Each structure stands twice: as structure tokens, then as C-alpha cells.
There are 2 protein chains.
Amino acid sequence: MANVQDVTPIVRRPLHEEATDRLRDLIVQGQVAPGGRLNERLLSAQLGLSRTPLREAIKVLATEGLVELLPNRGAIVSHMDAARLSETLAVMGVLEALAGELACLNATDAQINEIRALHYEMLAYHARSDLAGYFKFNQAIHLKIVKYSGNAVLFNTYRQLNGNVRRARYMANLSKERWDAAVREHDDILAALGARDVKRIKSLLSDHLAHKLSSVLAALPSRQAA
Amino acid sequence: MANVQDVTPIVRRPLHEEATDRLRDLIVQGQVAPGGRLNERLLSAQLGLSRTPLREAIKVLATEGLVELLPNRGAIVSHMDAARLSETLAVMGVLEALAGELACLNATDAQINEIRALHYEMLAYHARSDLAGYFKFNQAIHLKIVKYSGNAVLFNTYRQLNGNVRRARYMANLSKERWDAAVREHDDILAALGARDVKRIKSLLSDHLAHKLSSVLAALPSRQAA
DNA sequence: TCTCCTTTCTTTGTATGCAATACTGTCAGA
DNA sequence: TCTGACAGTATTGCATACAAAGAAAGGAGA
């Protein structure tokens, strides 16, 4: 018989979980604009379920900060203005710094190699100037670093905040210079991780996030004027 | 007419919010033991509402990490074992360090004085060896520091994690030595905040949390054996 | 024309009912 | 004594129904 570890368990997810994920994706991918209302009847019809599980999903997304509840007036997709974005990235900065530190200490070589593989894939998209593909692997790398910190609470906290800024990253039209710089920073981060250089990775990740913040902030105000 | 700021608005909170807060308190204060099941019918009867808003509350508490959902088998109060506690406190450590830094930069003198007042009240309870009262003001001080960082995202994130460890703090039977040491640390923290010494408050808060972790961890395993 | 009130319609908030799933206890058979 | 099947019960998951709040539209009076 195969190793028990290899057997994937039978999963029958409850509707409200499915609804939460679907709705989260809709918001993160910008299919529902910030400020846009979530009509329960409409949404439940579109998702093919009743209002009860949908409402549970909305409450969950509200605690995640993706939507805002207006009592007796439903829910709207929460706005991600410059202030909130910078606040979120400040928090993510210290979380990533901690994650990098812990990953240096706790990650296995195999895990670091996995991140390295993602890094090279990301470089490929950068070489092709494929922004969407680049973002995808960029995301994956940052998430893996946090994941391989071995701190599950840290991972969950980070992931929740990340959901909120992913929307902004889609908007941010990276300049070529900033993009190149970010790639170089990633090179350094990976090197520090491979060398398990705790101090260095902490400062690199902090700086990386700070740069990301200023680059996104630079791109954002123009959108708000529109 | 009185200043509009002074008039407290009439708030009629939705039942599901009320239920969330009540249930959260029940869990945080240990009225429902970790691992204890949340019977929807029973709880809804006790809280005087129907299962619908209660279920919404449970979903919210699940995303906060206070309860765990077992599909088709309801929800249980999540366990706070040593591993999870130390993970949580590690995250809270970097969050508090960031908060202290920002508070030094952003808090008004009045806000710092407010924290100072809480500090003296806490000292009073310490002098009387009133642990419960001490904890209350200890909590309040830490929350205020985070609040006066001026970063709302940071505050929310911190508060969510804090709800999870508050349960453990109730358990932790502080030794007299550790208690005295914690009070001295608080003296230093307040001094650094008053002097707006960014670097110092960062390291003080980090150390304070690290000490708290080891003290709580020392107290915890005995409970698990029981 | 503008304002305010009234009425109607839409949408949310909550309760309830039904179906599906999981648990418990009993009993037959090995 | 133990295992497995079965029935009965309790509990959750979801859908629906009703009540209440809010939004919108229309009309009377200034």
C-alpha cells in the first residue's frame, strides 16, 4: 500500500468556504471595484447558492478587511487608498523581515531550492517583460519565504494582509527602472537566504518592501485623481 | 448646545456583531474551554437569538483563529498550545516593536500622558499584588501603544493576535520575580516613549515580549500535563 | 422650482424549516 | 469479547420566508 502521507483526503468543502474563496478572488482580481456594492440576491444567484452561505462569506471577508459592512445597507468592497496601503505595507515589512530571519534558521535546503526555482522562473518572465507572469512568481516567492519561516501564525497574518494589497499591485504600473531594481533586490534576497545570513536578509526584505511602497504610492495618486 | 463630538451616537448594532463580541469574550475569558464544542442550538438559546447570526459570528471567530471549524461537526474552541503561543508572540513582538517606533514618532504628548496614567494605575495594582487588575492595565497599555502608532492596520492585526493569547495570559501564573521584572521593563518602556527614543523602545518591546514568551512557556507545559 | 412628506419598492437582517451528515446505542454473528 | 450492521437521535448545512430598515419615486404645499 502507498504511504499514507501520499493519500489525498476526500475533501467536500462547505458552500460558505467555496463562496468565501470565490468572492475573495473576485475582489482581489478587481472584478468588483472598490466601493462597489455586493448585492446579496444578485451574487447568490450568480454563485448558484442561497444568501445564507454567501452572507457568512461576506462576514469573513469583512474581518479580513476586504469588504466593509454598512449596517442595514449591505457590504461594499473596501477602498485601498494610499494611507491604508502604506500602513499595510509597513506591517508586511516587519512581518517579512521576521519571516526571512526565521526562514534562514528553519528552512530546509530543499525548500530554499524550491524558492530558487521560483526565482529563476520569475527572471524568465522579467526577461520577456511579462508583468503578469512576473507578479505571479514574485508573489509566490514572498509567500514561500513566509511559509518556510515555519511560523504558521505569521503565515496566516501575512497572507491576510497580502490579499489586501494584491489589488494595488495589479494597478501599480511599474517603471522599467523600478522593475529592474526589484529584480536585483530579489537576487540579493535569494543570496542571503542561501547563505542563511539572518541580518542581511532582514534588512534586504525591509528595504524591498519600503521600495515597493514608494513605487506603488508614486503610481497610486494619479489613479485617485481619475 | 454641546459639542457634537461629545454626543455619543445611537448605535443599534446588528445581532451578529453582538454575538461575535459576546462569543469572543466567552472564549477569551475561558468560559468555554479549548477543545470545547460550540453547540449552535444551545448557544443561540443562551444568547437569545437564532442560529443564523450565531453561525455568522462563529465564521468570523474562525477567521480570527479563536475557533476551529470541523465540517459537518460544528466548531470547537481552538487549542492554544505552546507552539502556537510562541509563534503568536513572535509575531506580536515585531508588531509591538514597530508600534513603539511609530508611537514615538506620531503620538501626541497627551496620548503619551494617557499611557503614563495607565502605567501608574498598573503600578498600583502591582503594589497590591492584584494580578487581575494588573493584567487589565497591562493589556490596556500595550493596546494603547499600538493604537497611538497611528497605523490602523497594525492595530487591527495586533488586536486579533492579542485575542488569541489573552487566554494564555489568564492561565500564566506569573512568578513574583518575573512580575517585578515585567514592571521594571514597563518603566523603561514608558521612559523611552516619553523620550521618544525610537531605537530604545524597539529593543525594549522586543525583549519584553520575548521575556513574556519564556515566562508563559515555563508555566504552560504543567497545564498540558494536567 | 424647491422642499418635505408619503408611498412603494428594494434590500438587508433574522428566524425557521427541511435535508444531509454525523453520533450513539443496540444487537446479531464470529 | 469483539466486530460490524443497523436504527434512532442529535446536529449541522443550506434554503426559504418574513420582518424591518433604507432607497426611490411621486405628489402636495410653499
# chains A, B, ... in the order shown; residues from 1 in each chain; ligands from 1
$ interface_residues --of "chain B" --to "chain D" --cutoff "12 Å" --atoms "only C-alpha atoms (C1' of nucleotides)" --output "list in words"
Arg12, Pro14, Arg37, Leu38, Asn39, Glu40, Arg41, Leu42, Arg51, Thr52, Arg55, Leu69, Leu70, Pro71, Asn72, Arg73, Gly74 and Ala75 of chain B
$ select_by_dssp --residues "segment 70-210 of chain B" --states "strand (DSSP E)" --output "MDAnalysis selection string"
chainID B and resid 70 74:77
$ write_last_selection --atoms "N, CA and C atoms" --output "short mmCIF file (atom, residue, chain, number, x, y, z; two decimals), in the first residue's frame"
data_model
loop_
_atom_site.label_atom_id
_atom_site.label_comp_id
_atom_site.auth_asym_id
_atom_site.auth_seq_id
_atom_site.Cartn_x
_atom_site.Cartn_y
_atom_site.Cartn_z
N LEU B 70 -15.02 22.34 12.09
CA LEU B 70 -14.95 20.95 11.66
C LEU B 70 -16.17 20.69 10.78
N GLY B 74 -19.46 20.95 13.34
CA GLY B 74 -19.52 22.14 14.17
C GLY B 74 -18.18 22.79 14.41
N ALA B 75 -18.12 23.55 15.47
CA ALA B 75 -16.93 24.33 15.76
C ALA B 75 -16.47 24.05 17.18
N ILE B 76 -15.16 24.05 17.37
CA ILE B 76 -14.60 23.92 18.70
C ILE B 76 -13.68 25.10 18.98
N VAL B 77 -13.52 25.40 20.23
CA VAL B 77 -12.58 26.45 20.62
C VAL B 77 -11.18 25.92 20.32
#
$ atom_distance --atom1 "atom CA of Tyr148 of chain B" --atom2 "atom CA of Ala82 of chain A"
19.4 Å
$ atom_distance --atom1 "atom CA of Gly65 of chain B" --atom2 "atom CA of Pro53 of chain B"
18.5 Å
$ interface_residues --of "chain B" --to "chain A" --cutoff "8 Å" --atoms "only C-alpha atoms" --output "PyMOL selection string"
chain B and resi 13-14+52+55-56+59-60+63-64+71+84+87-88+91+94-95+98+151-154+157
$ interface_residues --of "chain C" --to "chain A" --cutoff "8 Å" --atoms "only C-alpha atoms (C1' of nucleotides)" --output "NGL selection string"
:C and (11-13)
$ calpha_fit_and_write --fixed "chain A" --moving "chain B" --output "tab-separated table (two decimals) with C-alpha atoms, in the first residue's frame"
chain	number	residue	atom	x	y	z
B	1	MET	CA	0.11	0.52	-2.05
B	2	ALA	CA	1.13	4.08	-2.58
B	3	ASN	CA	2.42	6.08	0.32
B	4	VAL	CA	-0.48	7.43	2.30
B	5	GLN	CA	1.10	10.85	2.11
B	6	ASP	CA	0.56	10.83	-1.65
B	7	VAL	CA	-3.14	10.19	-1.53
B	8	THR	CA	-5.04	13.42	-1.71
B	9	PRO	CA	-7.99	13.23	0.63
B	10	ILE	CA	-11.50	13.65	-0.61
B	11	VAL	CA	-12.52	17.13	0.34
B	12	ARG	CA	-16.10	18.30	0.31
B	13	ARG	CA	-15.80	21.85	1.42
B	14	PRO	CA	-18.75	23.65	2.94
B	15	LEU	CA	-20.44	26.11	0.64
B	16	HIS	CA	-19.60	29.07	2.82
B	17	GLU	CA	-15.90	28.32	2.52
B	18	GLU	CA	-16.14	27.97	-1.21
B	19	ALA	CA	-18.11	31.20	-1.32
B	20	THR	CA	-15.49	32.97	0.78
B	21	ASP	CA	-12.69	31.96	-1.56
B	22	ARG	CA	-14.59	32.76	-4.72
B	23	LEU	CA	-15.67	36.12	-3.45
B	24	ARG	CA	-12.19	36.91	-2.19
B	25	ASP	CA	-10.79	36.16	-5.62
B	26	LEU	CA	-13.38	38.35	-7.26
B	27	ILE	CA	-12.32	41.24	-5.07
B	28	VAL	CA	-8.58	40.65	-5.19
B	29	GLN	CA	-8.62	40.36	-8.96
B	30	GLY	CA	-10.61	43.52	-9.19
B	31	GLN	CA	-13.73	42.02	-10.74
B	32	VAL	CA	-15.67	44.02	-8.20
B	33	ALA	CA	-14.34	47.54	-8.00
B	34	PRO	CA	-13.51	49.18	-4.65
B	35	GLY	CA	-16.63	50.87	-3.39
B	36	GLY	CA	-18.76	48.49	-5.42
B	37	ARG	CA	-21.72	47.05	-3.60
B	38	LEU	CA	-22.21	43.36	-3.01
B	39	ASN	CA	-25.84	42.61	-3.75
B	40	GLU	CA	-26.61	39.46	-1.82
B	41	ARG	CA	-29.44	38.24	-4.00
B	42	LEU	CA	-27.49	38.84	-7.19
B	43	LEU	CA	-24.25	37.33	-5.94
B	44	SER	CA	-25.90	34.29	-4.45
B	45	ALA	CA	-27.61	33.65	-7.77
B	46	GLN	CA	-24.35	34.03	-9.67
B	47	LEU	CA	-22.51	31.70	-7.31
B	48	GLY	CA	-25.40	29.27	-7.31
B	49	LEU	CA	-26.12	29.22	-3.61
B	50	SER	CA	-28.46	30.80	-1.12
B	51	ARG	CA	-27.89	33.99	0.77
B	52	THR	CA	-27.06	32.28	4.06
B	53	PRO	CA	-23.60	30.90	3.21
B	54	LEU	CA	-22.91	33.99	1.14
B	55	ARG	CA	-23.61	36.25	4.09
B	56	GLU	CA	-21.25	34.17	6.22
B	57	ALA	CA	-18.59	34.64	3.56
B	58	ILE	CA	-19.14	38.39	3.52
B	59	LYS	CA	-18.70	38.57	7.28
B	60	VAL	CA	-15.42	36.71	7.00
B	61	LEU	CA	-14.13	38.99	4.28
B	62	ALA	CA	-15.13	41.94	6.42
B	63	THR	CA	-12.88	40.77	9.26
B	64	GLU	CA	-10.13	40.28	6.69
B	65	GLY	CA	-10.62	43.90	5.73
B	66	LEU	CA	-11.54	43.26	2.11
B	67	VAL	CA	-15.10	44.48	2.45
B	68	GLU	CA	-16.80	47.01	4.65
B	69	LEU	CA	-20.16	46.38	6.27
B	70	LEU	CA	-22.71	49.16	6.19
B	71	PRO	CA	-25.47	48.14	8.62
B	72	ASN	CA	-28.78	47.67	6.86
B	73	ARG	CA	-27.18	48.78	3.62
B	74	GLY	CA	-25.07	45.79	2.78
B	75	ALA	CA	-21.41	45.49	2.06
B	76	ILE	CA	-19.04	47.29	-0.26
B	77	VAL	CA	-15.56	46.42	-1.39
B	78	SER	CA	-13.29	48.43	0.85
B	79	HIS	CA	-11.19	51.15	-0.66
B	80	MET	CA	-7.43	50.82	-0.76
B	81	ASP	CA	-6.22	54.37	-0.66
B	82	ALA	CA	-2.64	55.50	-0.40
B	83	ALA	CA	-2.79	55.88	3.38
B	84	ARG	CA	-4.10	52.41	4.00
B	85	LEU	CA	-1.75	50.89	1.49
B	86	SER	CA	1.28	52.43	3.10
B	87	GLU	CA	0.06	51.36	6.52
B	88	THR	CA	-0.39	47.82	5.31
B	89	LEU	CA	2.99	47.65	3.62
B	90	ALA	CA	4.67	49.01	6.74
B	91	VAL	CA	3.24	46.11	8.71
B	92	MET	CA	4.08	43.60	6.01
B	93	GLY	CA	7.61	44.95	6.00
B	94	VAL	CA	8.31	43.98	9.59
B	95	LEU	CA	6.50	40.69	9.12
B	96	GLU	CA	8.62	39.80	6.12
B	97	ALA	CA	11.76	40.81	7.94
B	98	LEU	CA	10.85	38.48	10.76
B	99	ALA	CA	9.92	35.77	8.28
B	100	GLY	CA	13.24	36.08	6.49
B	101	GLU	CA	15.07	35.81	9.76
B	102	LEU	CA	13.16	32.72	10.80
B	103	ALA	CA	13.42	31.18	7.36
B	104	CYS	CA	17.19	31.54	7.48
B	105	LEU	CA	17.15	29.66	10.75
B	106	ASN	CA	14.45	27.09	10.10
B	107	ALA	CA	14.02	26.40	6.41
B	108	THR	CA	15.42	23.17	5.01
B	109	ASP	CA	17.81	23.23	2.09
B	110	ALA	CA	15.10	21.66	-0.04
B	111	GLN	CA	12.74	24.49	0.81
B	112	ILE	CA	15.32	27.09	-0.07
B	113	ASN	CA	15.93	25.33	-3.35
B	114	GLU	CA	12.22	25.43	-4.02
B	115	ILE	CA	12.30	29.19	-3.54
B	116	ARG	CA	15.34	29.34	-5.80
B	117	ALA	CA	13.40	27.51	-8.51
B	118	LEU	CA	10.56	30.01	-8.22
B	119	HIS	CA	13.12	32.77	-8.42
B	120	TYR	CA	14.45	31.50	-11.76
B	121	GLU	CA	10.94	31.12	-13.12
B	122	MET	CA	10.31	34.68	-12.13
B	123	LEU	CA	13.47	35.77	-13.89
B	124	ALA	CA	12.20	34.09	-17.04
B	125	TYR	CA	9.03	36.16	-16.99
B	126	HIS	CA	11.06	39.27	-16.31
B	127	ALA	CA	13.23	38.51	-19.32
B	128	ARG	CA	10.11	38.24	-21.44
B	129	SER	CA	8.70	41.41	-19.86
B	130	ASP	CA	5.64	39.44	-18.85
B	131	LEU	CA	4.41	41.45	-15.89
B	132	ALA	CA	1.50	39.21	-14.96
B	133	GLY	CA	3.65	36.10	-14.87
B	134	TYR	CA	6.33	37.97	-12.96
B	135	PHE	CA	3.85	39.07	-10.32
B	136	LYS	CA	2.59	35.57	-9.89
B	137	PHE	CA	5.99	34.15	-9.06
B	138	ASN	CA	6.99	37.23	-7.13
B	139	GLN	CA	3.97	36.63	-4.93
B	140	ALA	CA	4.78	32.96	-4.64
B	141	ILE	CA	8.34	33.67	-3.51
B	142	HIS	CA	7.32	36.10	-0.82
B	143	LEU	CA	4.64	33.75	0.42
B	144	LYS	CA	7.05	30.81	0.51
B	145	ILE	CA	9.58	32.77	2.51
B	146	VAL	CA	6.93	33.51	5.07
B	147	LYS	CA	5.65	29.97	4.95
B	148	TYR	CA	9.09	28.45	5.47
B	149	SER	CA	9.66	30.67	8.46
B	150	GLY	CA	7.84	27.86	10.20
B	151	ASN	CA	5.62	30.29	12.06
B	152	ALA	CA	2.03	29.53	11.12
B	153	VAL	CA	0.62	32.57	12.89
B	154	LEU	CA	3.02	34.76	11.00
B	155	PHE	CA	1.98	33.11	7.76
B	156	ASN	CA	-1.71	33.62	8.34
B	157	THR	CA	-1.27	37.21	9.41
B	158	TYR	CA	0.88	37.96	6.41
B	159	ARG	CA	-1.47	36.26	4.01
B	160	GLN	CA	-4.43	38.25	5.22
B	161	LEU	CA	-2.64	41.54	4.74
B	162	ASN	CA	-1.30	40.38	1.41
B	163	GLY	CA	-4.80	39.82	0.10
B	164	ASN	CA	-5.47	43.47	0.70
B	165	VAL	CA	-2.51	44.78	-1.24
B	166	ARG	CA	-2.61	42.30	-4.09
B	167	ARG	CA	-5.33	44.47	-5.57
B	168	ALA	CA	-2.98	47.44	-5.51
B	169	ARG	CA	-0.17	45.47	-7.10
B	170	TYR	CA	-2.35	44.70	-10.06
B	171	MET	CA	-2.87	48.40	-10.50
B	172	ALA	CA	0.72	49.43	-10.01
B	173	ASN	CA	2.25	50.02	-13.38
B	174	LEU	CA	5.84	49.34	-12.62
B	175	SER	CA	8.46	51.44	-14.34
B	176	LYS	CA	11.14	49.48	-16.14
B	177	GLU	CA	13.78	50.88	-13.82
B	178	ARG	CA	11.91	49.91	-10.70
B	179	TRP	CA	11.19	46.49	-12.10
B	180	ASP	CA	14.85	45.84	-12.84
B	181	ALA	CA	15.80	47.09	-9.42
B	182	ALA	CA	13.25	44.81	-7.78
B	183	VAL	CA	14.69	41.84	-9.61
B	184	ARG	CA	18.19	42.71	-8.40
B	185	GLU	CA	16.84	42.98	-4.88
B	186	HIS	CA	15.36	39.53	-5.24
B	187	ASP	CA	18.75	38.23	-6.32
B	188	ASP	CA	20.25	39.60	-3.13
B	189	ILE	CA	17.44	38.24	-0.98
B	190	LEU	CA	17.89	34.78	-2.39
B	191	ALA	CA	21.62	34.96	-1.88
B	192	ALA	CA	21.18	35.98	1.73
B	193	LEU	CA	18.70	33.20	2.27
B	194	GLY	CA	21.06	30.67	0.70
B	195	ALA	CA	23.87	31.92	2.94
B	196	ARG	CA	21.44	31.97	5.87
B	197	ASP	CA	22.58	35.48	6.61
B	198	VAL	CA	19.99	36.61	9.12
B	199	LYS	CA	20.99	40.23	9.49
B	200	ARG	CA	21.33	40.77	5.78
B	201	ILE	CA	18.02	39.23	4.80
B	202	LYS	CA	16.23	41.30	7.41
B	203	SER	CA	17.49	44.56	6.02
B	204	LEU	CA	17.07	43.44	2.42
B	205	LEU	CA	13.45	42.50	2.92
B	206	SER	CA	12.71	45.69	4.82
B	207	ASP	CA	14.22	47.76	2.07
B	208	HIS	CA	12.49	45.74	-0.63
B	209	LEU	CA	9.10	46.42	0.91
B	210	ALA	CA	9.92	50.08	1.43
B	211	HIS	CA	10.84	50.40	-2.23
B	212	LYS	CA	7.70	48.60	-3.24
B	213	LEU	CA	5.72	51.03	-1.15
B	214	SER	CA	7.18	54.13	-2.72
B	215	SER	CA	6.84	52.70	-6.21
B	216	VAL	CA	3.22	51.81	-5.66
B	217	LEU	CA	2.49	55.13	-4.00
B	218	ALA	CA	3.99	56.94	-6.96
B	219	ALA	CA	1.66	55.09	-9.28
B	220	LEU	CA	-1.43	55.36	-7.12
B	221	PRO	CA	-2.39	59.04	-6.89
B	222	SER	CA	-2.84	59.25	-10.67
B	223	ARG	CA	-5.47	56.57	-10.39
B	224	GLN	CA	-7.32	58.41	-7.69
B	225	ALA	CA	-7.48	61.54	-9.77
B	226	ALA	CA	-9.11	59.53	-12.56
$ select_by_dssp --residues "segment 19-102 of chain A" --states "helix (DSSP H, G or I)" --output "NGL selection string"
:A and (19-28 or 40-47 or 51-64 or 82-102)
